[in-house]
Structure formats: structure tokens, C-alpha cells
Amino acid sequence: MKLAADWLDLPGTRAVMATLTGAGHGAWFVGGCVRNALLDQPVSDIDITTDARPERVIALAEGAGIKAVPTGIDHGTVTLVADHRPYEVTTLRRDIATDGRRATIAFTDRLEEDAARRDFTMNALYADAEGLVLDPTGEGLADLAARRLRFIGAPEDRIHEDYLRILRFFRFHAWYADPEGGLDAEGLAACAAGLDGLDRLSRERVGAEVKKLLAAPDPSPAVAAMAQTGVLTRALPGAEARLLPILVALETAHPDPIRRLAALGGDDVAERLRLSRADAARLATLRDEMGKATPPAALAYAHGAEIARDILLLRAALFETPPDPASEAQIAQGTTAQFPVKPADLMPRLQGPALGAALKAMEARWIASGFTLTRAQLLADAD
């Protein structure tokens with residue numbers, strides 16, 4: 001089987017592969033770029049593995065005029081920048097010891113050993129410079145064709161090597177597995193048995209994995225399985241899966257992880273997932289407003305059109321009612337509304353905190369009126 005992918009013929013791709021193979025080394029594309037090309041899905045990162053040692057990769061690249069950055073040289077990874085595109089090049093390796101978070105590795109010349117340390121069969125596919133696909137486990141191509149997600153070898157062993165693979169199991173199922181096929185029973189059992197290991201992971205790693213899962217077109221079957229195995233409440237105490245499929249069914253816009261996080265609920269989510277300040281603030285607004293009755297126009301005025309739409313979607317899911325078609329006109333009204341009173345209108349009679357309090361109260365009355373009160377009416381009421 002051969003790949004048919006445009007990125008194979010990119011000048012940078014050709015240059016990197018030629019630099020390695022031209023010096024007598026083996027070099028293969030690996031992982032997500034091969035998997036996605038076979039599924040005819042977009043490829044964002046092009047990862048390469050080689051039997052050349054990292055120092056040799058750097059020397060060859062520099063000799064060919066390609067920038068080399070030792071991004072993870074202790075684990076055999078060098079990033080080569082060719083034709084303005086990064087290529088992550090990692091030496092073939094095998095695990096010597098693991099502690100559930102990181103591995104002590106040794107370099108190898110065997111593709112089979114490199115494949116054996118990976119997580120899922122569909123991620124252990126390789127392709128040479130011409131796109132010829134190699135399947136060292138003997139199971140990856142068949143599993144990918146069936147859209148079947150399975151661990152390589154014994155699931156318990158793969159999970160004990162890196163407990164993040166519990167979350168990756170659900171994430172990759174949401175993105176690449178047959179939604180009608182269910183989750184692999186042995187994999188599910190191993191995830192449930194390895195729950196304690198999730199506590200050893202950094203919050204940043206957990207947060208990144210959860211956000212990638214929730215960005216899938218429909219993550220609700222995977223999240224429901226997480227709830228059944230106890231993974232969901234271990235990662236996000238207090239979270240519930242019930243609202244998520246309802247929200248997904250109502251969504252017409254692009255999948256949004258933060259909106260879906262609001263539907264899941266949970267305790268201290270922003271801190272547990274180490275969300276950015278912007279994401280944490282947005283999540284707090286969505287969760288605070290979804291159970292209230294603030295009108296759409298007022299939501300749009302206070303938070304903008306996008307957040308207003310998210311809140312209305314969450315409310316529709318919460319109350320299991322279709323969104324009101326009239327809400328879009330109200331959102332447009334709130335987005336363009338401008339408070340007619342300026343601080344100068346109340347000065348010099350009011351100053352400092354008294355001025356701020358008066359303006360805030362006046363704005364609240366104006367919003368409650370549906371933005372109908374005029375400047376003259378608001379000022380008359382203030383006298």
C-alpha cells in the first residue's frame with residue numbers, strides 16, 4: 001500500500017528525507033501523518049523516524065543547509081526546519097524503563113522495537129520516502145481499515161508506561177474509531193484498572209488531552225464511556241456526561257472544547273486543567289449564565305455575540321428545548337447597542353466611586369428596559 005498525499009512532495013519533505021537516506025540511513029514517516037493520510041484526513045505535523053543518531057541528524061542537516069534544533073535530544077528528537085516547515089525527526093528507540101509518566105530509552109536500529117513502544121496499532125504505521133506503508137505490528141492496517149482502536153500488545157502494559165494513554169484512548173476513539181463499533185473491551189478494562197495513575201500526571205498534560213478530546217466532531221460516546229469507567233470523575237471531579245450529547249446535537253457551529261466543558265460541569269475545572277486565563281474566564285461566564293434567564297440582547301451587550309450564542313446553546317441543552325430562532329435578532333441588537341450616558345453627563349455633581357456607582361445603576365436600568373430608555377430619560381431619573 002502506498003500513500004497518496006501532497007505533503008510527500010513538498011520541497012522541505014523531500015529535502016529532509018534525501019538528507020537522511022542520501023547518507024545511507026533509513027528514514028520513515030510515522031504516526032499521525034501516515035494514519036491521517038490513509039484516512040484522507042488533514043495532516044498538520046510530519047513526524048519522521050530514522051536509524052541515524054541525533055548528533056548524526058544534526059550534522060547531516062547542517063551540512064545540507066537545513067536548520068536543526070535539538071528540541072528533545074535526550075529522547076532522540078531533533079526538529080529540522082526545511083522550506084519554512086518544521087519536521088520532528090526522532091531516532092528509532094525502545095523503552096528500557098518507564099514510571100507511568102516518562103521513559104528511559106535506548107536507541108535501536110529495528111523498526112519493530114520502535115513500533116512496540118507506541119500506544120495504538122493505528123499509530124504504529126510507517127511509510128518510506130515514496131509513500132510505501134510498513135506495518136511492523138502486523139495489525140495497524142487492518143485496525144485502521146476497520147476504524148478499530150486497540151492498544152499494541154497488552155493494554156495494561158501500555159498504560160503503565162504512560163498513564164496519559166488512558167485519556168488518549170478515549171480521545172483517539174472520538175476522532176478515528178467507528179462510532180458504532182464501541183470501545184475495545186480490553187482497553188476499557190485496563191483504563192478502569194489504571195485510574196490511580198491519572199493522579200500522577202501533570203495538570204497541563206491532562207488539560208491538553210481533554211481539550212483535544214472535546215474538539216472531536218462528536219466526543220459524547222467516548223465521554224459516556226469515560227463516565228462509566230470512572231475516568232471522567234477522576235479527571236474532572238463533579239463532571240457529568242448527560243448534557244454533552246444533547247449539546248452536540250444542537251450545535252451548528254464548529255466544535256468548541258470550552259463550551260463543551262461548560263456542559264460537563266465539574267469542580268475547579270480551570271485549575272485542574274490549567275486553562276489559560278482567557279479560557280478560564282470564558283468557561284466561568286458560560287457556567288454562570290447558562291442557568292440564568294438573562295435576555296439574549298443583554299448577554300450580547302455584556303459578553304459579545306459569540307459567547308451569547310454559546311450560552312443560549314447551553315441553556316437549550318440544559319432545558320432540552322430547541323434554540324429560539326428570534327434570539328439572533330436580539331443578539332444583533334445587543335451587539336450594536338451603545339450606552340447613551342457619558343461620565344461627563346453626571347459631573348461635576350458626582351465624582352469618584354459615587355460617579356461609577358451611578359453610571360452602573362443607570363446602565364442596569366437601560367439594559368433592563370431593552371435598551372429603550374433614552375439619555376434624557378436616564379438623566380431625568382437620576383435627578
# chains A, B, ... in the order shown; residues from 1 in each chain; ligands from 1
>>> select_by_dssp(residues="stretch 106-161 of chain A", states="strand (DSSP E)", output="count of residues only")
6
>>> atom_distance(atom1="atom CA of A:Ala227", atom2="atom CA of A:Arg147")
22.4 Å
>>> select_by_dssp(residues="stretch 175-229 of chain A", states="alpha helix (DSSP H)", output="PyMOL selection string")
chain A and resi 175-176+185-193+203-214+220-229
>>> write_last_selection(atoms="N, CA and C atoms", output="CSV table (one decimal), in the first residue's frame")
chain,number,residue,atom,x,y,z
A,175,TRP,N,-12.0,10.6,17.7
A,175,TRP,CA,-11.5,11.1,16.4
A,175,TRP,C,-11.5,10.1,15.3
A,176,TYR,N,-11.1,8.9,15.6
A,176,TYR,CA,-10.7,8.0,14.5
A,176,TYR,C,-11.4,6.6,14.5
A,185,ALA,N,-13.1,-3.6,24.6
A,185,ALA,CA,-13.4,-4.1,25.9
A,185,ALA,C,-12.1,-4.2,26.8
A,186,GLU,N,-11.1,-4.8,26.2
A,186,GLU,CA,-9.8,-5.0,27.0
A,186,GLU,C,-9.2,-3.6,27.3
A,187,GLY,N,-9.3,-2.7,26.3
A,187,GLY,CA,-8.8,-1.3,26.6
A,187,GLY,C,-9.5,-0.6,27.7
A,188,LEU,N,-10.9,-0.7,27.6
A,188,LEU,CA,-11.7,-0.1,28.6
A,188,LEU,C,-11.4,-0.7,30.0
A,189,ALA,N,-11.3,-2.0,30.1
A,189,ALA,CA,-11.0,-2.6,31.4
A,189,ALA,C,-9.6,-2.1,32.0
A,190,ALA,N,-8.6,-2.0,31.1
A,190,ALA,CA,-7.3,-1.6,31.5
A,190,ALA,C,-7.3,-0.1,31.9
A,191,CYS,N,-8.1,0.7,31.3
A,191,CYS,CA,-8.3,2.1,31.7
A,191,CYS,C,-8.9,2.2,33.1
A,192,ALA,N,-9.9,1.4,33.3
A,192,ALA,CA,-10.6,1.5,34.6
A,192,ALA,C,-9.6,1.0,35.7
A,193,ALA,N,-8.8,0.0,35.4
A,193,ALA,CA,-7.9,-0.6,36.4
A,193,ALA,C,-6.7,0.4,36.7
A,203,ARG,N,-1.2,18.6,35.4
A,203,ARG,CA,-2.5,19.1,35.0
A,203,ARG,C,-2.4,19.7,33.6
A,204,GLU,N,-1.3,20.1,33.2
A,204,GLU,CA,-1.1,20.6,31.8
A,204,GLU,C,-1.3,19.5,30.8
A,205,ARG,N,-0.8,18.4,31.0
A,205,ARG,CA,-1.0,17.2,30.1
A,205,ARG,C,-2.4,16.8,30.1
A,206,VAL,N,-3.0,16.7,31.2
A,206,VAL,CA,-4.4,16.3,31.3
A,206,VAL,C,-5.3,17.3,30.6
A,207,GLY,N,-5.1,18.6,30.8
A,207,GLY,CA,-5.8,19.7,30.2
A,207,GLY,C,-5.7,19.6,28.7
A,208,ALA,N,-4.5,19.5,28.2
A,208,ALA,CA,-4.4,19.4,26.7
A,208,ALA,C,-5.1,18.2,26.1
A,209,GLU,N,-5.1,17.1,26.8
A,209,GLU,CA,-5.7,15.9,26.3
A,209,GLU,C,-7.2,16.0,26.3
A,210,VAL,N,-7.8,16.6,27.4
A,210,VAL,CA,-9.2,16.8,27.5
A,210,VAL,C,-9.7,17.7,26.4
A,211,LYS,N,-9.0,18.8,26.2
A,211,LYS,CA,-9.4,19.8,25.2
A,211,LYS,C,-9.4,19.2,23.8
A,212,LYS,N,-8.4,18.4,23.5
A,212,LYS,CA,-8.3,17.7,22.2
A,212,LYS,C,-9.5,16.7,22.0
A,213,LEU,N,-9.8,16.0,23.1
A,213,LEU,CA,-11.0,15.1,23.0
A,213,LEU,C,-12.2,15.9,22.7
A,214,LEU,N,-12.5,17.0,23.4
A,214,LEU,CA,-13.7,17.7,23.3
A,214,LEU,C,-13.8,18.5,22.0
A,220,SER,N,-19.2,12.6,22.5
A,220,SER,CA,-20.1,12.2,23.6
A,220,SER,C,-20.1,10.7,23.8
A,221,PRO,N,-20.0,9.8,22.8
A,221,PRO,CA,-19.9,8.4,23.2
A,221,PRO,C,-18.6,8.1,24.0
A,222,ALA,N,-17.5,8.7,23.6
A,222,ALA,CA,-16.2,8.5,24.3
A,222,ALA,C,-16.4,9.0,25.7
A,223,VAL,N,-17.0,10.2,25.9
A,223,VAL,CA,-17.1,10.8,27.2
A,223,VAL,C,-18.0,9.9,28.1
A,224,ALA,N,-19.1,9.4,27.5
A,224,ALA,CA,-20.0,8.5,28.2
A,224,ALA,C,-19.3,7.3,28.7
A,225,ALA,N,-18.4,6.7,27.9
A,225,ALA,CA,-17.6,5.6,28.3
A,225,ALA,C,-16.6,6.0,29.4
A,226,MET,N,-16.1,7.2,29.4
A,226,MET,CA,-15.2,7.7,30.4
A,226,MET,C,-16.0,7.7,31.8
A,227,ALA,N,-17.2,8.2,31.7
A,227,ALA,CA,-18.1,8.3,32.9
A,227,ALA,C,-18.3,6.9,33.5
A,228,GLN,N,-18.6,5.9,32.6
A,228,GLN,CA,-18.9,4.6,33.0
A,228,GLN,C,-17.7,3.9,33.7
A,229,THR,N,-16.5,4.2,33.2
A,229,THR,CA,-15.3,3.6,33.8
A,229,THR,C,-14.7,4.3,35.0
>>> closest_residue(among="A:Asp256, A:Glu240, A:Asp162, A:Asp279", to="A:Asp310", atoms="only C-alpha atoms")
A:Asp256
>>> atom_distance(atom1="atom CA of A:Pro296", atom2="atom CA of A:Ala380")
27.5 Å
>>> residues_around(residues="A:Leu198", least_positions_apart="4", cutoff="8 Å", atoms="only C-alpha atoms", output="list of chain:residue names")
A:Tyr163, A:Leu164, A:Ile166, A:Gly194, A:Arg234, A:Ala235
>>> write_last_selection(atoms="N, CA and C atoms", output="CSV table (one decimal), in the first residue's frame")
chain,number,residue,atom,x,y,z
A,163,TYR,N,0.5,6.9,31.8
A,163,TYR,CA,-0.9,6.9,32.2
A,163,TYR,C,-1.8,7.9,31.4
A,164,LEU,N,-1.1,8.8,30.7
A,164,LEU,CA,-1.8,9.7,29.8
A,164,LEU,C,-2.5,8.9,28.7
A,166,ILE,N,-4.5,6.6,29.0
A,166,ILE,CA,-5.9,6.4,29.4
A,166,ILE,C,-6.8,7.4,28.7
A,194,GLY,N,-6.4,1.3,35.7
A,194,GLY,CA,-5.3,2.2,35.9
A,194,GLY,C,-5.7,3.5,36.4
A,234,ARG,N,-12.6,11.1,37.7
A,234,ARG,CA,-11.2,11.1,38.3
A,234,ARG,C,-10.5,12.3,37.7
A,235,ALA,N,-10.7,12.5,36.4
A,235,ALA,CA,-10.0,13.6,35.7
A,235,ALA,C,-10.7,15.0,36.1
>>> closest_residue(among="A:Ala4, A:Leu39, A:Ala262, A:Leu373", to="A:Ala129", atoms="only C-alpha atoms")
A:Ala4
>>> atom_distance(atom1="atom CA of A:Asp381", atom2="atom CA of A:Leu355")
14.9 Å
>>> residues_around(residues="stretch 247-253 of chain A", least_positions_apart="5", cutoff="8 Å", atoms="only C-alpha atoms", output="MDAnalysis selection string")
chainID A and resid 218 220 260 263 313:314 316:317 322
>>> write_last_selection(atoms="N, CA and C atoms", output="PDB file, in the first residue's frame")
ATOM      1  N   ASP A 218     -17.879  14.549  17.456  1.00  0.00           N
ATOM      2  CA  ASP A 218     -18.850  14.102  18.465  1.00  0.00           C
ATOM      3  C   ASP A 218     -18.136  13.253  19.512  1.00  0.00           C
ATOM      4  N   SER A 220     -19.226  12.632  22.490  1.00  0.00           N
ATOM      5  CA  SER A 220     -20.129  12.185  23.560  1.00  0.00           C
ATOM      6  C   SER A 220     -20.088  10.679  23.819  1.00  0.00           C
ATOM      7  N   ARG A 260     -18.152  22.915  25.499  1.00  0.00           N
ATOM      8  CA  ARG A 260     -18.479  21.549  25.909  1.00  0.00           C
ATOM      9  C   ARG A 260     -18.028  21.259  27.336  1.00  0.00           C
ATOM     10  N   ALA A 263     -20.735  22.310  29.574  1.00  0.00           N
ATOM     11  CA  ALA A 263     -21.818  21.329  29.643  1.00  0.00           C
ATOM     12  C   ALA A 263     -21.477  20.185  30.589  1.00  0.00           C
ATOM     13  N   LEU A 313     -27.036  28.114  23.539  1.00  0.00           N
ATOM     14  CA  LEU A 313     -26.930  26.691  23.214  1.00  0.00           C
ATOM     15  C   LEU A 313     -26.915  25.840  24.479  1.00  0.00           C
ATOM     16  N   LEU A 314     -26.139  26.272  25.457  1.00  0.00           N
ATOM     17  CA  LEU A 314     -26.051  25.536  26.716  1.00  0.00           C
ATOM     18  C   LEU A 314     -27.399  25.524  27.437  1.00  0.00           C
ATOM     19  N   ALA A 316     -30.323  25.695  25.972  1.00  0.00           N
ATOM     20  CA  ALA A 316     -31.181  24.790  25.206  1.00  0.00           C
ATOM     21  C   ALA A 316     -30.895  23.336  25.575  1.00  0.00           C
ATOM     22  N   ALA A 317     -29.598  22.997  25.753  1.00  0.00           N
ATOM     23  CA  ALA A 317     -29.244  21.646  26.162  1.00  0.00           C
ATOM     24  C   ALA A 317     -29.724  21.365  27.581  1.00  0.00           C
ATOM     25  N   PRO A 322     -35.362  23.413  21.823  1.00  0.00           N
ATOM     26  CA  PRO A 322     -34.626  23.964  20.678  1.00  0.00           C
ATOM     27  C   PRO A 322     -34.352  25.443  20.862  1.00  0.00           C
TER      28      PRO A 322
END
>>> residues_around(residues="A:Gly32", least_positions_apart="4", cutoff="8 Å", atoms="only C-alpha atoms", output="ChimeraX atom specification")
/A:36,43,45-47,123
>>> write_last_selection(atoms="N, CA and C atoms", output="PDB file, in the first residue's frame")
ATOM      1  N   ASN A  36      -3.443   9.634   9.179  1.00  0.00           N
ATOM      2  CA  ASN A  36      -4.401  10.571   8.595  1.00  0.00           C
ATOM      3  C   ASN A  36      -4.383  10.556   7.076  1.00  0.00           C
ATOM      4  N   VAL A  43      -3.404  16.590   7.562  1.00  0.00           N
ATOM      5  CA  VAL A  43      -2.155  16.304   8.278  1.00  0.00           C
ATOM      6  C   VAL A  43      -1.532  17.634   8.671  1.00  0.00           C
ATOM      7  N   ASP A  45       1.174  17.812  11.321  1.00  0.00           N
ATOM      8  CA  ASP A  45       2.579  17.598  11.672  1.00  0.00           C
ATOM      9  C   ASP A  45       3.134  16.409  10.896  1.00  0.00           C
ATOM     10  N   ILE A  46       4.342  16.567  10.393  1.00  0.00           N
ATOM     11  CA  ILE A  46       5.007  15.478   9.679  1.00  0.00           C
ATOM     12  C   ILE A  46       6.152  14.978  10.553  1.00  0.00           C
ATOM     13  N   ASP A  47       5.959  13.808  11.145  1.00  0.00           N
ATOM     14  CA  ASP A  47       6.965  13.210  12.021  1.00  0.00           C
ATOM     15  C   ASP A  47       7.737  12.151  11.252  1.00  0.00           C
ATOM     16  N   ASN A 123      -1.488   3.880  15.201  1.00  0.00           N
ATOM     17  CA  ASN A 123      -0.448   4.912  15.296  1.00  0.00           C
ATOM     18  C   ASN A 123       0.948   4.349  15.050  1.00  0.00           C
TER      19      ASN A 123
END
>>> residues_around(residues="stretch 325-334 of chain A", least_positions_apart="3", cutoff="7 Å", atoms="only C-alpha atoms", output="ChimeraX atom specification")
/A:296-298,300-301,305,337
>>> closest_residue(among="A:Arg282, A:Arg53, A:Arg171, A:Arg102", to="A:Leu261", atoms="only C-alpha atoms")
A:Arg282
